[in-house]
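Shown below: entry-v8.cif, with mmCIF, C-alpha atoms and all ligand atoms.
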data_protein
#
loop_
_atom_site.label_atom_id
_atom_site.label_comp_id
_atom_site.auth_asym_id
_atom_site.auth_seq_id
_atom_site.Cartn_x
_atom_site.Cartn_y
_atom_site.Cartn_z
CA THR A 1 27.37 50.76 53.56
CA PRO A 2 25.24 48.46 51.38
CA GLU A 3 23.48 45.77 53.40
CA ASN A 4 22.95 43.21 50.65
CA THR A 5 26.58 42.56 49.72
CA LEU A 6 27.81 39.01 49.38
CA TYR A 7 30.07 39.84 52.36
CA ILE A 8 27.04 40.51 54.58
CA ARG A 9 24.99 37.63 53.21
CA MET A 10 27.73 35.05 53.82
CA GLY A 11 28.17 36.17 57.43
CA GLY A 12 31.10 38.60 57.10
CA GLU A 13 34.37 38.31 59.01
CA ALA A 14 33.57 35.09 60.92
CA THR A 15 32.68 33.24 57.71
CA LEU A 16 35.75 34.46 55.82
CA GLN A 17 38.12 33.63 58.68
CA LYS A 18 36.76 30.09 58.77
CA LEU A 19 36.92 29.84 54.98
CA VAL A 20 40.61 30.79 54.72
CA THR A 21 41.57 28.44 57.56
CA LEU A 22 39.81 25.45 55.96
CA PHE A 23 41.00 26.40 52.46
CA TYR A 24 44.74 26.70 53.21
CA ASP A 25 44.67 23.42 55.18
CA LYS A 26 43.64 21.82 51.89
CA VAL A 27 46.12 23.79 49.78
CA ALA A 28 48.94 22.66 52.09
CA LYS A 29 48.02 19.02 51.40
CA HIS A 30 47.31 19.30 47.67
CA PRO A 31 50.12 17.77 45.57
CA ASP A 32 49.64 20.26 42.70
CA LEU A 33 49.49 23.33 44.92
CA ALA A 34 51.71 22.78 47.95
CA PRO A 35 54.99 23.06 45.96
CA ILE A 36 54.36 26.68 44.90
CA PHE A 37 53.16 27.95 48.30
CA PRO A 38 55.34 28.87 51.31
CA ASP A 39 55.60 26.23 54.06
CA ASP A 40 54.10 28.63 56.55
CA LEU A 41 50.74 29.76 55.22
CA THR A 42 49.92 32.13 58.09
CA LEU A 43 50.60 35.35 56.18
CA THR A 44 49.12 33.95 52.96
CA ALA A 45 45.86 33.15 54.77
CA GLU A 46 45.80 36.57 56.44
CA LYS A 47 46.30 38.36 53.10
CA GLN A 48 43.61 36.23 51.47
CA TYR A 49 41.20 37.02 54.33
CA LYS A 50 41.85 40.75 53.81
CA PHE A 51 41.54 40.47 50.05
CA LEU A 52 38.28 38.49 50.17
CA SER A 53 36.77 40.99 52.58
CA GLN A 54 36.92 43.67 49.90
CA PHE A 55 36.38 41.27 46.97
CA PHE A 56 32.93 40.43 48.37
CA GLY A 57 31.98 44.00 49.21
CA GLY A 58 33.19 44.27 52.83
CA PRO A 59 35.87 46.53 54.34
CA PRO A 60 38.85 47.21 51.98
CA LEU A 61 41.36 45.63 54.39
CA TYR A 62 43.80 44.42 51.75
CA SER A 63 44.13 47.73 49.90
CA GLN A 64 44.48 49.68 53.15
CA GLU A 65 47.59 47.66 53.92
CA TYR A 66 49.06 46.60 50.57
CA GLY A 67 47.64 48.99 47.96
CA HIS A 68 45.97 47.92 44.73
CA PRO A 69 45.69 44.09 44.65
CA MET A 70 46.99 43.74 41.02
CA LEU A 71 46.11 40.09 41.51
CA ARG A 72 47.21 38.78 38.13
CA ALA A 73 50.56 40.58 38.37
CA ARG A 74 51.13 39.25 41.91
CA HIS A 75 50.61 35.71 40.60
CA LEU A 76 53.07 36.01 37.70
CA PRO A 77 56.06 34.70 39.74
CA PHE A 78 54.15 31.38 40.05
CA GLU A 79 53.39 28.95 37.22
CA ILE A 80 49.60 28.84 37.26
CA THR A 81 48.62 26.09 34.86
CA PRO A 82 45.06 24.96 34.06
CA THR A 83 45.68 21.98 36.40
CA ARG A 84 46.62 24.32 39.25
CA ALA A 85 43.63 26.58 38.61
CA LYS A 86 41.35 23.52 38.76
CA ALA A 87 43.10 22.28 41.92
CA TRP A 88 42.66 25.70 43.59
CA LEU A 89 38.97 25.69 42.68
CA ALA A 90 38.53 22.09 43.89
CA CYS A 91 39.97 23.06 47.30
CA MET A 92 37.63 26.06 47.41
CA HIS A 93 34.64 23.97 46.35
CA GLU A 94 35.34 21.45 49.14
CA THR A 95 35.77 24.27 51.64
CA LEU A 96 32.43 25.83 50.73
CA ASP A 97 30.75 22.42 50.92
CA GLN A 98 32.05 22.02 54.48
CA MET A 99 30.57 25.31 55.59
CA GLU A 100 26.95 25.94 56.40
CA LEU A 101 26.20 28.41 53.66
CA ASP A 102 23.04 29.29 51.86
CA LYS A 103 23.02 27.55 48.45
CA GLN A 104 22.55 30.81 46.56
CA VAL A 105 25.41 32.48 48.47
CA LYS A 106 27.67 29.50 47.86
CA ASP A 107 26.92 29.47 44.12
CA GLU A 108 27.61 33.19 43.79
CA MET A 109 30.91 32.81 45.64
CA LEU A 110 31.99 29.87 43.48
CA SER A 111 31.09 31.75 40.34
CA ARG A 112 33.29 34.71 41.32
CA PHE A 113 36.13 32.41 42.38
CA THR A 114 35.94 30.54 39.08
CA THR A 115 36.20 33.66 36.92
CA THR A 116 39.11 34.97 38.99
CA ALA A 117 40.97 31.64 39.09
CA TYR A 118 40.88 31.31 35.30
CA HIS A 119 42.06 34.90 35.01
CA MET A 120 45.16 33.97 37.09
CA MET A 121 46.34 31.28 34.65
CA ASN A 122 49.64 32.31 33.11
CA THR A 123 51.31 29.04 32.02
CA PRO A 124 50.21 26.19 29.72
CA GLU A 125 50.46 22.62 31.03
C1 LIG A 201 48.86 34.71 46.62
C2 LIG A 201 48.60 30.66 43.98
C3 LIG A 201 44.14 31.88 42.58
C4 LIG A 201 44.18 35.51 45.76
C5 LIG A 201 49.17 33.52 46.00
C6 LIG A 201 50.45 32.86 46.10
C7 LIG A 201 50.39 31.73 45.35
C8 LIG A 201 49.06 31.67 44.79
C9 LIG A 201 51.48 30.69 45.16
C10 LIG A 201 51.65 33.36 46.92
C11 LIG A 201 51.48 32.97 48.36
C12 LIG A 201 52.43 33.72 49.26
O1 LIG A 201 53.55 34.05 48.83
O2 LIG A 201 52.06 33.98 50.40
C13 LIG A 201 47.37 30.64 43.34
C14 LIG A 201 46.93 29.62 42.41
C15 LIG A 201 45.70 29.98 41.99
C16 LIG A 201 45.35 31.22 42.68
C17 LIG A 201 47.70 28.38 41.98
C18 LIG A 201 44.87 29.22 40.98
C19 LIG A 201 44.20 29.84 40.01
C20 LIG A 201 43.73 32.93 43.35
C21 LIG A 201 42.42 33.50 43.36
C22 LIG A 201 42.43 34.52 44.26
C23 LIG A 201 43.76 34.60 44.81
C24 LIG A 201 41.25 32.98 42.52
C25 LIG A 201 41.33 35.44 44.68
C26 LIG A 201 40.03 35.17 44.59
C27 LIG A 201 45.45 35.63 46.23
C28 LIG A 201 45.91 36.69 47.14
C29 LIG A 201 47.26 36.46 47.38
C30 LIG A 201 47.61 35.26 46.63
C31 LIG A 201 45.05 37.83 47.69
C32 LIG A 201 48.21 37.31 48.23
C33 LIG A 201 48.86 38.36 47.33
C34 LIG A 201 49.95 39.11 48.07
O3 LIG A 201 51.07 38.60 48.16
O4 LIG A 201 49.68 40.19 48.57
N1 LIG A 201 48.35 32.78 45.19
N2 LIG A 201 46.39 31.58 43.50
N3 LIG A 201 44.53 33.61 44.24
N4 LIG A 201 46.52 34.80 45.96
FE1 LIG A 201 46.45 33.23 44.71
#

With the file now loaded, output its structure as structure tokens.
Ligand code: HEM
Amino acid sequence: TPENTLYIRMGGEATLQKLVTLFYDKVAKHPDLAPIFPDDLTLTAEKQYKFLSQFFGGPPLYSQEYGHPMLRARHLPFEITPTRAKAWLACMHETLDQMELDKQVKDEMLSRFTTTAYHMMNTPE
């Protein structure tokens, strides 16, 4: 296993578990995001934890359980507007700011989140 993955550098499982907990607490309170998410975000957070593990070069937990992520396709049932993409990224930015992460690690994570979030957009305003 590579030892210089973003997964290792951020602190692995403990960091990602904390990240998804903080992140979905914000999503649940965000007026642009809350309406398209389920009321109970337990499973959503668990799936995101498993996805991010492999996204950042750690164990492929999501694919082991759910198969190929097909992330854009899985988001098609939801109207993902530019406003929602920005809101998602704002929640993630705040989350990362709350965590004690190395600046370089944080910037790399945000950069990957930004590309992926814009890729998920499927609806104009
Ligand atoms: C699922 C919204 C971006 C990863 C979902 C769900 C919604 C959503 C509503 C369904 C939740 C559920 O039914 O449990 C959004 C919005 C985004 C966005 C508004 C703004 C651009 C992203 C990004 C990633 C991501 C950037 C990854 C880096 C996931 C994963 C799931 C998910 C892994 C679970 C898929 C599954 O059901 O197996 N998202 N999402 N999303 N999202 Fe996003």

Q.
What's around region 52-69 of chain A at 12 Å? Count only C-alpha atoms, leave out sequence neighbours fewer than 3 positions away in its own chain, and write the answer as a PyMOL selection string.
A. chain A and resi 1-17+19-20+44-49+72-75+105+108-113+116

Could you give me the axis-aligned bounding box of ligand LIG 201 (chain A), with 6 Å of padding per side, as centre plus edge lengths in Å to one decimal, as JSON?
{"center_x": 46.8, "center_y": 34.3, "center_z": 45.2, "size_x": 25.5, "size_y": 23.8, "size_z": 22.4}

All residues 7 Å or closer to region 86-99 of chain A, all atoms listed in the file, same chain fewer than 3 positions away omitted, as a short mmCIF file (atom, residue, chain, number, x, y, z; two decimals) with C-alpha atoms, keeping the file's coordinate frame:
data_model
loop_
_atom_site.label_atom_id
_atom_site.label_comp_id
_atom_site.auth_asym_id
_atom_site.auth_seq_id
_atom_site.Cartn_x
_atom_site.Cartn_y
_atom_site.Cartn_z
CA LEU A 19 36.92 29.84 54.98
CA LEU A 22 39.81 25.45 55.96
CA PHE A 23 41.00 26.40 52.46
CA LYS A 26 43.64 21.82 51.89
CA VAL A 27 46.12 23.79 49.78
CA ASP A 32 49.64 20.26 42.70
CA PRO A 82 45.06 24.96 34.06
CA THR A 83 45.68 21.98 36.40
CA LYS A 106 27.67 29.50 47.86
CA THR A 114 35.94 30.54 39.08
#

Q. Atom C15 of ligand LIG 201 (chain A) and CA of Lys29 (chain A), how far apart in Å?
A. 14.6 Å

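When all atoms listed in the file are used to measure the gap to ligand LIG 201 (chain A), the shortest distance among A:Lys18, A:His119, A:His30, A:Lys103 belongs to A:His119.
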
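Closest approach to ligand LIG 201 (chain A) from the set A:Glu125, A:Asp107, A:Asp39, A:Asp102 is made by A:Asp39, with distances taken over all atoms listed in the file.
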
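Of note, CA of Asp25 (chain A) and CA of Leu76 (chain A) are spaced 23.1 Å apart.
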
Export region 46-66 of chain A of the preceding structure, keeping N, CA and C atoms, as an mmCIF file, in the first residue's frame.
data_model
loop_
_atom_site.group_PDB
_atom_site.id
_atom_site.type_symbol
_atom_site.label_atom_id
_atom_site.label_comp_id
_atom_site.auth_asym_id
_atom_site.auth_seq_id
_atom_site.Cartn_x
_atom_site.Cartn_y
_atom_site.Cartn_z
ATOM 1 N N GLU A 46 -22.393 7.552 6.492
ATOM 2 C CA GLU A 46 -21.628 6.303 6.452
ATOM 3 C C GLU A 46 -21.148 5.997 5.022
ATOM 4 N N LYS A 47 -22.049 6.220 4.043
ATOM 5 C CA LYS A 47 -21.664 6.004 2.639
ATOM 6 C C LYS A 47 -20.575 6.987 2.218
ATOM 7 N N GLN A 48 -20.716 8.228 2.670
ATOM 8 C CA GLN A 48 -19.712 9.236 2.300
ATOM 9 C C GLN A 48 -18.364 8.875 2.934
ATOM 10 N N TYR A 49 -18.371 8.421 4.181
ATOM 11 C CA TYR A 49 -17.126 7.998 4.824
ATOM 12 C C TYR A 49 -16.451 6.896 3.988
ATOM 13 N N LYS A 50 -17.250 5.918 3.566
ATOM 14 C CA LYS A 50 -16.705 4.792 2.783
ATOM 15 C C LYS A 50 -16.217 5.255 1.413
ATOM 16 N N PHE A 51 -16.978 6.175 0.808
ATOM 17 C CA PHE A 51 -16.549 6.689 -0.497
ATOM 18 C C PHE A 51 -15.235 7.474 -0.361
ATOM 19 N N LEU A 52 -15.179 8.367 0.615
ATOM 20 C CA LEU A 52 -13.984 9.222 0.749
ATOM 21 C C LEU A 52 -12.740 8.410 1.099
ATOM 22 N N SER A 53 -12.920 7.311 1.802
ATOM 23 C CA SER A 53 -11.789 6.436 2.087
ATOM 24 C C SER A 53 -11.093 6.056 0.776
ATOM 25 N N GLN A 54 -11.855 5.584 -0.187
ATOM 26 C CA GLN A 54 -11.226 5.176 -1.451
ATOM 27 C C GLN A 54 -10.878 6.364 -2.343
ATOM 28 N N PHE A 55 -11.669 7.424 -2.277
ATOM 29 C CA PHE A 55 -11.431 8.632 -3.085
ATOM 30 C C PHE A 55 -10.039 9.205 -2.797
ATOM 31 N N PHE A 56 -9.621 9.118 -1.520
ATOM 32 C CA PHE A 56 -8.335 9.685 -1.121
ATOM 33 C C PHE A 56 -7.212 8.644 -1.058
ATOM 34 N N GLY A 57 -7.477 7.463 -1.582
ATOM 35 C CA GLY A 57 -6.405 6.475 -1.701
ATOM 36 C C GLY A 57 -6.339 5.455 -0.577
ATOM 37 N N GLY A 58 -7.364 5.407 0.275
ATOM 38 C CA GLY A 58 -7.427 4.420 1.357
ATOM 39 C C GLY A 58 -8.193 3.179 0.917
ATOM 40 N N PRO A 59 -8.615 2.362 1.868
ATOM 41 C CA PRO A 59 -9.333 1.119 1.543
ATOM 42 C C PRO A 59 -10.608 1.378 0.727
ATOM 43 N N PRO A 60 -10.878 0.535 -0.289
ATOM 44 C CA PRO A 60 -12.038 0.732 -1.183
ATOM 45 C C PRO A 60 -13.360 0.292 -0.551
ATOM 46 N N LEU A 61 -13.691 0.887 0.591
ATOM 47 C CA LEU A 61 -14.848 0.436 1.385
ATOM 48 C C LEU A 61 -16.167 0.613 0.657
ATOM 49 N N TYR A 62 -16.299 1.702 -0.094
ATOM 50 C CA TYR A 62 -17.575 1.947 -0.776
ATOM 51 C C TYR A 62 -17.811 0.904 -1.859
ATOM 52 N N SER A 63 -16.836 0.701 -2.722
ATOM 53 C CA SER A 63 -16.997 -0.246 -3.830
ATOM 54 C C SER A 63 -17.194 -1.677 -3.350
ATOM 55 N N GLN A 64 -16.550 -2.040 -2.242
ATOM 56 C CA GLN A 64 -16.725 -3.387 -1.695
ATOM 57 C C GLN A 64 -18.190 -3.640 -1.368
ATOM 58 N N GLU A 65 -18.881 -2.605 -0.935
ATOM 59 C CA GLU A 65 -20.267 -2.775 -0.506
ATOM 60 C C GLU A 65 -21.291 -2.426 -1.585
ATOM 61 N N TYR A 66 -21.004 -1.364 -2.354
ATOM 62 C CA TYR A 66 -22.028 -0.837 -3.271
ATOM 63 C C TYR A 66 -21.659 -0.923 -4.740
#
